[in-house]
Amino acid sequence: MICLSRNEQGAELLSSYLAKTLDAARTAELDRHIRECADCRGLAMVWERLDEFAVPEVTPGFDARLYARIAREEARVLGWRKWLWRPVAPLAAAAAVVAAVLIVHPFGSPDAAKQASKTEIEQVAQAVDDLDLLTPIDR
Amino acid sequence: MEAVVALERDAQLMLRVREGDDTSFGLLLERHRGPMVHFLYRMVQNQAVSEELAQEVFLRVYRSRETYEPTAKFTTWLFRIATHVALNSIRDRKKEKGHESLDEEMLDGMERQVADRQQTVEQEMVHEVKLREVRQAIEALPAKQRAAVLMHKYEGLDYAQIAGVLSCSESAIKSLLFRAYEALRGRLAHMA
């Protein structure tokens, strides 16, 4: 005998029974049992009572509000990325210039090295200035 | 079979969102907006809060688009986010406000539903009382049992999906639902 109230599959069985998706033999067995068992009648009643818990319609501006939140969040993330990238970009460019110079002129005489070093410093300073000019100004 | 097709479609849409297709996000929103808001409404029993939480759920889905992998059913993932968001909200609201606004919202909702049905005054009163009792019985369930009942009864999730959402075994879910329906039967027995 199937007893919904003594069976952990009871909820599944009950939902199938009420949705009329059980086979004829199982349905007939449950029909008989529910007539006789007060606990199972109680469970079937609970299932039906829960149907009364209606829900309101979703308000019309839901999507617009969501897309506005997404847009705000994306703008904020973009702002953070820009802010974090700004001090890093000139330094990275300067390091790249220094690395390039060292690769092209790895060694030399002390005078030549001094001259090269002076030139490199000027080049790096120029590169940093150029990057500062290229960096957009926050409005 | 229909559920499998729906799952594949959701996962495909989400993969397209990952590739930057915002139209697919719109389609996912269209498909799941109603069930999400309704699930959250029954969880927190407040329309404004439920919509706010549903927005948080979709916002998290959108945020996760770049790392999305279809390892679980899309609906399982979605309900996992929604349950997490709802449980946090319930915990926070219990701390902050108690149940004042919940009761106000319950009355608002009942008035609206009753007006829609154009019933007689007596029928309205009977319906209000029954509805209030059902809502209070659900609200009285522990939050995890409540989430499991709502997913099982109203959203059509099976044991395996609910187990995925609540991160526990199927047998634990069977036991959880069994206890929840027994508790509801005890609280609503007088309505038979």
# chains A, B, ... in the order shown; residues from 1 in each chain; ligands from 1
>>> residues_around(residues="Cys40 (chain A)", least_positions_apart="5", cutoff="6 Å", atoms="only C-alpha atoms", output="ChimeraX atom specification")
/A:4-5,34
>>> closest_atom_pairs(of="chain B", to="chain A", cutoff="8 Å", atoms="only C-alpha atoms", output="Markdown table")
| residue | atom | partner | partner_atom | distance |
| --- | --- | --- | --- | --- |
| B:Gly34 | CA | A:Val58 | CA | 6.8 |
| B:Val37 | CA | A:Val58 | CA | 7.0 |
| B:His38 | CA | A:Val55 | CA | 6.1 |
| B:Tyr41 | CA | A:Val55 | CA | 7.2 |
| B:Arg42 | CA | A:Val55 | CA | 7.6 |
| B:Gln47 | CA | A:Pro56 | CA | 7.5 |
| B:Glu51 | CA | A:Phe62 | CA | 7.5 |
| B:Gln55 | CA | A:Leu66 | CA | 5.8 |
| B:Phe58 | CA | A:Leu66 | CA | 7.9 |
| B:Leu59 | CA | A:Ile70 | CA | 6.6 |
| B:Gly109 | CA | A:Pro56 | CA | 7.3 |
| B:Gln113 | CA | A:Ala54 | CA | 7.7 |
| B:Leu131 | CA | A:Phe53 | CA | 6.3 |
| B:Val134 | CA | A:Leu50 | CA | 6.5 |
| B:Arg135 | CA | A:Phe53 | CA | 6.9 |
| B:Lys153 | CA | A:Ser15 | CA | 7.9 |
| B:Lys174 | CA | A:Glu8 | CA | 5.6 |
| B:Ser175 | CA | A:Glu8 | CA | 6.0 |
| B:Leu177 | CA | A:Ala11 | CA | 7.1 |
| B:Phe178 | CA | A:Glu8 | CA | 5.6 |
| B:Tyr181 | CA | A:Leu43 | CA | 7.1 |
| B:Glu182 | CA | A:Ser5 | CA | 7.4 |
| B:Leu184 | CA | A:Val46 | CA | 6.7 |
| B:Arg185 | CA | A:Val46 | CA | 5.8 |
| B:Leu188 | CA | A:Val46 | CA | 6.7 |
| B:Ala189 | CA | A:Gly42 | CA | 6.3 |
| B:Ala192 | CA | A:Met45 | CA | 6.4 |
>>> atom_distance(atom1="CA of Leu150 (chain B)", atom2="CA of Arg93 (chain B)")
19.7 Å
>>> atom_distance(atom1="CA of Asn88 (chain B)", atom2="CA of Val57 (chain B)")
12.4 Å
>>> select_by_dssp(residues="region 28-86 of chain A", states="helix (DSSP H, G or I)", output="MDAnalysis selection string")
chainID A and resid 28:36 38:50 62:86
